[in-house]
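Visitor: Below is the file entry34.txt, with compact mmCIF, C-alpha atoms.
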```
# COMPACT_ATOMS: atom_id res chain seq x y z
CA LEU G 955 165.22 31.86 24.90
CA GLY G 956 166.19 33.33 28.23
CA SER G 957 167.35 36.65 26.76
CA SER G 958 165.38 39.79 26.00
CA SER G 959 166.05 39.20 22.29
CA VAL G 960 163.75 36.16 22.15
CA SER G 961 161.62 35.92 19.02
CA HIS G 962 158.09 37.25 19.47
CA ALA G 963 156.61 34.50 17.28
CA PHE G 964 157.44 30.85 16.63
CA LEU G 965 155.96 28.51 14.06
CA PHE G 966 156.19 24.78 14.88
CA THR G 967 155.39 22.56 11.91
CA GLY G 968 155.48 18.82 11.25
CA PRO G 969 153.39 15.62 11.25
CA LYS G 970 151.00 14.74 14.07
CA GLY G 971 152.16 13.28 17.34
CA LEU G 972 155.71 14.68 17.40
CA GLY G 973 155.24 16.95 20.43
CA LYS G 974 154.76 20.39 18.84
CA THR G 975 152.24 21.53 21.46
CA SER G 976 154.27 19.91 24.25
CA ALA G 977 157.35 21.78 23.02
CA ALA G 978 155.33 25.01 23.04
CA ILE G 979 154.47 24.43 26.72
CA ILE G 980 158.17 23.86 27.46
CA VAL G 981 159.04 27.15 25.72
CA ALA G 982 156.43 28.89 27.90
CA LYS G 983 158.14 27.42 30.98
CA VAL G 984 161.59 28.49 29.78
CA LEU G 985 160.36 32.06 29.28
CA ASN G 986 158.72 32.26 32.71
CA CYS G 987 160.61 29.90 35.03
CA GLU G 988 161.56 31.66 38.26
CA LYS G 989 164.65 29.52 38.83
CA LYS G 990 166.25 27.85 35.83
CA THR G 991 168.46 24.85 36.64
CA LYS G 992 170.94 24.59 33.75
CA GLY G 993 171.09 27.37 31.19
CA VAL G 994 167.56 27.62 29.84
CA GLU G 995 166.30 24.39 31.45
CA PRO G 996 163.12 25.12 33.47
CA CYS G 997 163.12 23.89 37.08
CA ASN G 998 159.57 22.42 36.96
CA LYS G 999 159.25 23.22 40.68
CA CYS G 1000 158.53 26.96 40.89
CA GLU G 1001 155.00 28.34 40.90
CA GLN G 1002 155.20 29.40 37.26
CA CYS G 1003 156.39 25.97 36.07
CA LYS G 1004 153.84 24.08 38.17
CA SER G 1005 150.91 26.25 37.09
CA ILE G 1006 151.91 25.87 33.41
CA THR G 1007 152.14 22.08 33.85
CA ASN G 1008 148.68 22.02 35.45
CA GLY G 1009 147.18 24.29 32.81
CA ALA G 1010 146.24 26.80 35.50
CA ASN G 1011 148.51 29.68 34.47
CA MET G 1012 146.32 32.58 33.34
CA ASP G 1013 149.13 34.06 31.23
CA ILE G 1014 149.66 30.93 29.12
CA LEU G 1015 146.74 30.49 26.75
CA GLU G 1016 146.34 27.45 24.49
CA ILE G 1017 143.90 28.14 21.67
CA ASP G 1018 142.43 25.59 19.25
CA GLY G 1019 142.63 27.14 15.80
CA ALA G 1020 139.87 24.87 14.50
CA SER G 1021 137.36 26.11 17.10
CA ASN G 1022 138.52 29.75 17.15
CA ARG G 1023 139.14 30.32 13.46
CA GLY G 1024 137.11 33.46 12.78
CA ILE G 1025 138.02 37.12 12.71
CA ASP G 1026 135.94 37.90 15.81
CA GLU G 1027 137.97 35.48 17.95
CA ILE G 1028 141.28 36.92 16.70
CA ARG G 1029 140.07 40.49 17.25
CA ASP G 1030 139.12 39.53 20.81
CA LEU G 1031 142.60 38.05 21.26
CA ARG G 1032 144.18 41.27 19.94
CA GLU G 1033 142.32 43.33 22.51
CA LYS G 1034 143.31 41.11 25.44
CA ILE G 1035 147.02 40.80 24.63
CA ARG G 1036 147.54 44.50 25.31
CA LEU G 1037 146.97 43.82 29.01
CA SER G 1038 150.13 43.09 30.99
CA PRO G 1039 150.69 39.56 32.34
CA LEU G 1040 149.11 38.79 35.72
CA SER G 1041 152.17 37.08 37.18
CA ALA G 1042 154.37 35.76 34.39
CA ARG G 1043 157.17 37.62 32.62
CA LYS G 1044 155.74 36.79 29.22
CA LYS G 1045 152.23 36.10 28.04
CA VAL G 1046 152.37 33.08 25.72
CA TYR G 1047 149.64 32.40 23.17
CA ILE G 1048 149.79 28.88 21.73
CA ILE G 1049 147.55 28.53 18.67
CA ASP G 1050 147.22 24.87 17.68
CA GLU G 1051 146.17 23.88 14.14
CA VAL G 1052 146.72 27.49 13.10
CA HIS G 1053 146.19 26.59 9.42
CA MET G 1054 142.45 26.35 10.19
CA LEU G 1055 142.13 30.14 10.60
CA THR G 1056 140.13 31.97 7.95
CA GLN G 1057 141.89 34.43 5.62
CA GLU G 1058 140.30 37.33 7.50
CA ALA G 1059 141.53 35.91 10.82
CA PHE G 1060 145.05 35.51 9.39
CA ASN G 1061 144.98 39.16 8.28
CA ALA G 1062 143.96 40.26 11.78
CA LEU G 1063 146.68 38.08 13.34
CA LEU G 1064 149.24 39.50 10.92
CA LYS G 1065 148.67 43.03 12.26
CA THR G 1066 149.45 41.80 15.77
CA LEU G 1067 152.58 39.95 14.60
CA GLU G 1068 153.80 43.10 12.84
CA GLU G 1069 153.62 45.22 16.03
CA PRO G 1070 153.47 42.82 18.99
CA PRO G 1071 153.54 44.04 22.60
CA SER G 1072 156.91 43.32 24.21
CA HIS G 1073 155.33 41.09 26.88
CA VAL G 1074 153.72 38.66 24.36
CA VAL G 1075 155.09 35.60 22.56
CA PHE G 1076 153.09 33.65 19.98
CA ILE G 1077 153.68 29.97 19.25
CA LEU G 1078 151.77 28.76 16.20
CA CYS G 1079 151.51 25.00 15.64
CA THR G 1080 150.35 23.20 12.51
CA THR G 1081 150.56 19.92 10.61
CA GLU G 1082 149.95 21.77 7.32
CA SER G 1083 152.47 24.59 6.96
CA HIS G 1084 151.61 25.06 3.26
CA LYS G 1085 148.25 26.49 4.34
CA VAL G 1086 149.88 29.23 6.43
CA PRO G 1087 150.19 32.50 4.44
CA ALA G 1088 153.71 33.59 3.50
CA THR G 1089 153.14 36.89 5.30
CA ILE G 1090 152.69 34.98 8.59
CA LEU G 1091 155.60 32.61 7.88
CA SER G 1092 157.99 35.51 7.29
CA ARG G 1093 157.27 36.95 10.75
CA CYS G 1094 157.87 33.73 12.68
CA LEU G 1095 160.91 31.74 13.70
CA HIS G 1096 160.09 28.52 11.82
CA ILE G 1097 161.04 25.25 13.53
CA GLN G 1098 160.24 22.06 11.62
CA PHE G 1099 159.61 18.84 13.55
CA ARG G 1100 160.56 15.69 11.65
CA LYS G 1101 159.24 12.15 12.10
CA ALA G 1102 160.96 10.23 14.87
CA THR G 1103 163.41 7.49 13.93
CA GLY G 1104 162.97 3.93 15.16
CA ASP G 1105 165.79 4.38 17.69
CA GLU G 1106 164.27 7.60 19.05
CA LEU G 1107 160.90 5.91 19.48
CA VAL G 1108 162.41 2.89 21.22
CA ARG G 1109 164.32 5.16 23.64
CA SER G 1110 161.06 6.99 24.38
CA PHE G 1111 159.26 3.66 25.00
CA GLU G 1112 162.07 2.52 27.31
CA ARG G 1113 161.60 5.64 29.45
CA ILE G 1114 157.86 4.91 29.66
CA ILE G 1115 158.51 1.23 30.50
CA LYS G 1116 160.88 2.24 33.29
CA ALA G 1117 158.52 4.90 34.72
CA GLU G 1118 155.50 2.55 34.64
CA LYS G 1119 157.53 -0.41 35.97
CA LEU G 1120 156.60 -2.63 33.02
CA LYS G 1121 158.63 -5.32 31.28
CA ALA G 1122 159.17 -5.50 27.54
CA ASP G 1123 161.48 -7.15 25.01
CA LYS G 1124 163.57 -4.88 22.79
CA GLU G 1125 162.12 -6.67 19.72
CA ALA G 1126 158.57 -5.83 20.87
CA LEU G 1127 159.45 -2.14 21.26
CA GLU G 1128 161.09 -2.09 17.82
CA LEU G 1129 157.94 -3.61 16.32
CA ILE G 1130 155.72 -1.03 18.05
CA ALA G 1131 158.06 1.68 16.71
CA SER G 1132 157.59 0.36 13.17
CA LEU G 1133 153.80 0.56 13.64
CA SER G 1134 153.95 4.13 14.96
CA ASP G 1135 154.67 5.91 11.65
CA GLY G 1136 157.28 8.12 13.31
CA SER G 1137 154.81 9.48 15.88
CA PHE G 1138 155.65 9.57 19.60
CA ARG G 1139 151.97 9.97 20.47
CA ASP G 1140 150.81 7.05 18.30
CA GLY G 1141 153.64 4.90 19.61
CA SER G 1142 152.91 5.59 23.28
CA LYS G 1143 149.21 4.91 22.63
CA LEU G 1144 150.05 1.55 21.03
CA LEU G 1145 152.34 0.71 23.94
CA GLU G 1146 149.58 1.53 26.41
CA GLU G 1147 147.05 -0.63 24.50
CA ILE G 1148 149.45 -3.59 24.36
CA SER G 1149 150.25 -3.32 28.08
CA LEU G 1150 146.53 -3.31 28.92
CA LEU G 1151 145.83 -6.28 26.64
CA GLY G 1152 148.75 -8.21 28.07
CA GLY G 1153 147.83 -7.51 31.69
CA ALA G 1154 150.75 -8.27 33.96
CA LYS G 1155 152.55 -10.21 31.22
CA LYS G 1156 155.83 -9.13 29.74
CA ILE G 1157 155.36 -7.28 26.43
CA THR G 1158 156.82 -9.54 23.75
CA LYS G 1159 157.02 -9.44 19.97
CA GLU G 1160 154.53 -12.32 19.86
CA LEU G 1161 152.04 -10.36 22.00
CA VAL G 1162 152.24 -7.40 19.62
CA GLU G 1163 151.90 -9.65 16.57
CA LYS G 1164 148.91 -11.44 18.08
CA ASN G 1165 147.01 -8.21 18.67
CA TYR G 1166 147.97 -6.33 15.50
CA GLN G 1167 148.10 -9.15 12.93
CA VAL G 1168 151.72 -8.26 12.19
CA GLY G 1169 152.90 -11.86 11.93
CA SER G 1170 151.00 -12.49 8.69
CA ILE G 1171 152.14 -9.29 6.99
CA GLN G 1172 155.32 -10.75 5.48
CA TYR G 1173 153.34 -13.72 4.18
CA GLN G 1174 150.76 -11.39 2.63
CA ILE G 1175 153.50 -9.24 1.07
CA ALA G 1176 155.18 -12.29 -0.48
CA SER G 1177 151.82 -13.45 -1.81
CA LEU G 1178 151.00 -10.05 -3.32
CA ILE G 1179 154.42 -9.80 -4.98
CA ARG G 1180 153.79 -13.21 -6.60
CA ASN G 1181 150.51 -11.79 -7.94
CA PHE G 1182 152.49 -8.88 -9.41
CA GLU G 1183 154.96 -11.24 -11.06
CA ASP G 1184 152.15 -13.43 -12.45
CA LYS G 1185 150.17 -10.33 -13.53
CA ASP G 1186 147.19 -11.92 -11.79
CA VAL G 1187 144.94 -8.93 -11.09
CA LYS G 1188 142.06 -10.97 -9.65
CA ALA G 1189 144.25 -12.83 -7.14
CA GLY G 1190 145.95 -9.55 -6.19
CA LEU G 1191 142.62 -7.84 -5.47
CA GLU G 1192 141.49 -10.87 -3.46
CA ASN G 1193 144.69 -10.67 -1.38
CA ILE G 1194 144.15 -6.96 -0.73
CA ALA G 1195 140.54 -7.64 0.35
CA LYS G 1196 141.81 -10.35 2.70
CA ILE G 1197 144.35 -7.93 4.21
CA ILE G 1198 141.61 -5.34 4.83
CA ASN G 1199 139.23 -7.92 6.30
CA GLN G 1200 141.93 -9.11 8.71
CA GLY G 1201 142.22 -5.57 10.04
CA ILE G 1202 145.91 -5.29 9.20
CA ASP G 1203 147.22 -1.73 9.48
CA ILE G 1204 147.25 -0.61 5.82
CA GLY G 1205 149.80 2.16 6.38
CA HIS G 1206 152.24 -0.28 7.95
CA PHE G 1207 151.50 -2.87 5.24
CA MET G 1208 152.26 -0.38 2.44
CA GLN G 1209 155.45 0.73 4.16
CA SER G 1210 156.58 -2.90 4.54
CA LEU G 1211 155.64 -3.68 0.92
CA ILE G 1212 157.66 -0.74 -0.42
CA GLN G 1213 160.63 -1.70 1.76
CA THR G 1214 160.46 -5.32 0.53
CA LEU G 1215 160.28 -4.21 -3.12
CA HIS G 1216 163.22 -1.86 -2.51
CA ASN G 1217 165.28 -4.67 -0.97
CA ASN G 1218 164.38 -7.00 -3.86
CA LEU G 1219 165.45 -4.35 -6.36
CA LEU G 1220 168.79 -3.88 -4.61
CA PHE G 1221 169.32 -7.65 -4.51
CA LYS G 1222 168.57 -8.06 -8.23
CA ALA G 1223 170.85 -5.10 -9.06
CA GLY G 1224 173.67 -6.88 -7.23
```
How does this structure look as structure tokens?

Guide:
Amino acid sequence: LGSSSVSHAFLFTGPKGLGKTSAAIIVAKVLNCEKKTKGVEPCNKCEQCKSITNGANMDILEIDGASNRGIDEIRDLREKIRLSPLSARKKVYIIDEVHMLTQEAFNALLKTLEEPPSHVVFILCTTESHKVPATILSRCLHIQFRKATGDELVRSFERIIKAEKLKADKEALELIASLSDGSFRDGSKLLEEISLLGGAKKITKELVEKNYQVGSIQYQIASLIRNFEDKDVKAGLENIAKIINQGIDIGHFMQSLIQTLHNNLLFKAG
């Protein structure tokens, strides 16, 4: 990233909440940092780094693809990128939710990606890479973000706990990780909600269960599996209605149900 041979366009794809836009900001810092610390690591102390962190750097533009999806907006962007950076080495255009652009806007963007000015780098971010035309994909360095593992989420939570001077059991963090669906953003949001609900109390597994009805999930799963075995459709539908009425997270419930069925299958297969 620190060399002159850096790609002129990146495409960051993957599910929500994995840090695609945050990674784009870090790339912008790497490209423009005035005093890198280790290799390509930005210092986070120089004027370029601080202004990018604060969102005040005029050469780093973050654009919402959903709100600026038309050809007129992309044509306007094409006109402005020809101007040299005000203070940075590289102008960085971060287009979030790029799949929302219209076909005409994609065609206009393609022309810029084909012959980009040397002082410009594009970083396109999307949760739906299949909606990005192949002509755009072929002109970008494609980096795919995958869902975070439970261990990665727990390590992230532990850094937050330490920085915020909170207290939490490892079991509680593991449970929050299982509720996060592999998303750092969703996980940190859940952690924040639990810490606010618990006040000054230590975050425990019981506290998480109490607020997210997790404790009854295994009971509900066992009950639903019995309905499957008995072929009792009515009782099964009643159980599902009860789960919904309790406000249990359906995504987490389905994930737990599939995991339980998988474990049962392995057990029966010896």

Visitor: Report, in Å with one decimal, the straight-line distance from atom CA of Arg1100 of chain G to atom CA of Gly1009 of chain G.

Guide: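 That distance, rounded to one decimal, is 26.5 Å.
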
Visitor: Take atom CA of Asn1181 of chain G and atom CA of Ile1197 of chain G and report the distance between them in Å, one decimal.

Guide: 14.2 Å

Visitor: Taking (155.6, -5.0, 21.0) as a centre in this file's frame and 12 Å as the limit, can you find every polymer residue with an atom that close, using all atoms listed in the file, and give them as a PyMOL selection string?

Guide: chain G and resi 1108+1111-1112+1115+1121-1134+1141-1149+1151-1152+1155-1169

Visitor: Could you turn the residues from that selection into a file that holds C-alpha atoms, as a compact mmCIF listing (two decimals), in the frame of the given file?

Guide:
```txt
# COMPACT_ATOMS: atom_id res chain seq x y z
CA VAL G 1108 162.41 2.89 21.22
CA PHE G 1111 159.26 3.66 25.00
CA GLU G 1112 162.07 2.52 27.31
CA ILE G 1115 158.51 1.23 30.50
CA LYS G 1121 158.63 -5.32 31.28
CA ALA G 1122 159.17 -5.50 27.54
CA ASP G 1123 161.48 -7.15 25.01
CA LYS G 1124 163.57 -4.88 22.79
CA GLU G 1125 162.12 -6.67 19.72
CA ALA G 1126 158.57 -5.83 20.87
CA LEU G 1127 159.45 -2.14 21.26
CA GLU G 1128 161.09 -2.09 17.82
CA LEU G 1129 157.94 -3.61 16.32
CA ILE G 1130 155.72 -1.03 18.05
CA ALA G 1131 158.06 1.68 16.71
CA SER G 1132 157.59 0.36 13.17
CA LEU G 1133 153.80 0.56 13.64
CA SER G 1134 153.95 4.13 14.96
CA GLY G 1141 153.64 4.90 19.61
CA SER G 1142 152.91 5.59 23.28
CA LYS G 1143 149.21 4.91 22.63
CA LEU G 1144 150.05 1.55 21.03
CA LEU G 1145 152.34 0.71 23.94
CA GLU G 1146 149.58 1.53 26.41
CA GLU G 1147 147.05 -0.63 24.50
CA ILE G 1148 149.45 -3.59 24.36
CA SER G 1149 150.25 -3.32 28.08
CA LEU G 1151 145.83 -6.28 26.64
CA GLY G 1152 148.75 -8.21 28.07
CA LYS G 1155 152.55 -10.21 31.22
CA LYS G 1156 155.83 -9.13 29.74
CA ILE G 1157 155.36 -7.28 26.43
CA THR G 1158 156.82 -9.54 23.75
CA LYS G 1159 157.02 -9.44 19.97
CA GLU G 1160 154.53 -12.32 19.86
CA LEU G 1161 152.04 -10.36 22.00
CA VAL G 1162 152.24 -7.40 19.62
CA GLU G 1163 151.90 -9.65 16.57
CA LYS G 1164 148.91 -11.44 18.08
CA ASN G 1165 147.01 -8.21 18.67
CA TYR G 1166 147.97 -6.33 15.50
CA GLN G 1167 148.10 -9.15 12.93
CA VAL G 1168 151.72 -8.26 12.19
CA GLY G 1169 152.90 -11.86 11.93
```

Visitor: Which residue out of G:Gln1200, G:Thr1089, G:Gln1209, G:Asn986 has the minimum interatomic distance to Leu1063 of chain G when all atoms listed in the file are used?

Guide: G:Thr1089

Visitor: How many Å separate atom CA of Lys974 of chain G from atom CA of Ile1014 of chain G?

Guide: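 Separating atom CA of Lys974 of chain G from atom CA of Ile1014 of chain G is a distance of 15.6 Å.
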
Visitor: If I put a ball of radius 12 Å at (144.4, 40.9, 29.2) in the file's coordinates, which residues poke into it when counting all atoms listed in the file, written as a list in words?

Guide: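 Returned residue set, sorted by chain then number, is Met1012, Asp1013, Ile1014, Leu1015, Asp1030, Leu1031, Arg1032, Glu1033, Lys1034, Ile1035, Arg1036, Leu1037, Ser1038, Pro1039, Leu1040, Ser1041, Lys1045, Val1046, Tyr1047, Pro1071, His1073 and Val1074 of chain G.
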
Visitor: Between G:Asn1193, G:Ser1110, G:Ser1005, G:Ser1021, which one has atoms that come closest to Val1052 of chain G, using all atoms listed in the file?

Guide: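 So, comparing all the options, the nearest one is G:Ser1021.
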
Visitor: Nearest to Ile979 of chain G among G:Val1075, G:Ile1028, G:Cys1000, G:Leu1120, with distances taken over all atoms listed in the file: which residue is it?

Guide: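 Ranking G:Val1075, G:Ile1028, G:Cys1000, G:Leu1120 by distance to Ile979 of chain G, first place goes to G:Val1075.
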
Visitor: I want to know what sits within 9 Å of Gln1002 of chain G, based on only C-alpha atoms, with residues of the same chain fewer than 4 positions away left out; could you give that as a CSV table (one decimal) with C-alpha atoms, in the frame of the given file?

Guide:
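Printed below is part_9.csv as written:
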```csv
chain,number,residue,atom,x,y,z
G,983,LYS,CA,158.1,27.4,31.0
G,986,ASN,CA,158.7,32.3,32.7
G,987,CYS,CA,160.6,29.9,35.0
G,988,GLU,CA,161.6,31.7,38.3
G,998,ASN,CA,159.6,22.4,37.0
G,1006,ILE,CA,151.9,25.9,33.4
G,1007,THR,CA,152.1,22.1,33.8
G,1011,ASN,CA,148.5,29.7,34.5
G,1041,SER,CA,152.2,37.1,37.2
G,1042,ALA,CA,154.4,35.8,34.4
```

Visitor: Restricting the calculation to only C-alpha atoms: of G:Gly993, G:Ala1102, G:Leu1095, G:Ile1202, which residue gets closest to Arg1139 of chain G?

Guide: G:Ala1102

Visitor: Excluding Phe966 of chain G and residues on its chain fewer than 3 positions from it, collect all residues at most 9 Å away from it, counting all atoms listed in the file, and give them as a list in words.

Guide: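 Returned residues: Lys974, Thr975, Ala977, Ala978, Ile1077, Leu1078, Cys1079, Thr1080, Thr1081, Ser1083, Leu1095, His1096, Ile1097, Gln1098 and Phe1099 of chain G.
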
Visitor: My list of candidates is G:Asp1018, G:Glu1118, G:Asp1050, G:Asp1203. Which is closest to Asp1135 of chain G when distances are computed with all atoms listed in the file?

Guide: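 Ranking G:Asp1018, G:Glu1118, G:Asp1050, G:Asp1203 by distance to Asp1135 of chain G, first place goes to G:Asp1203.
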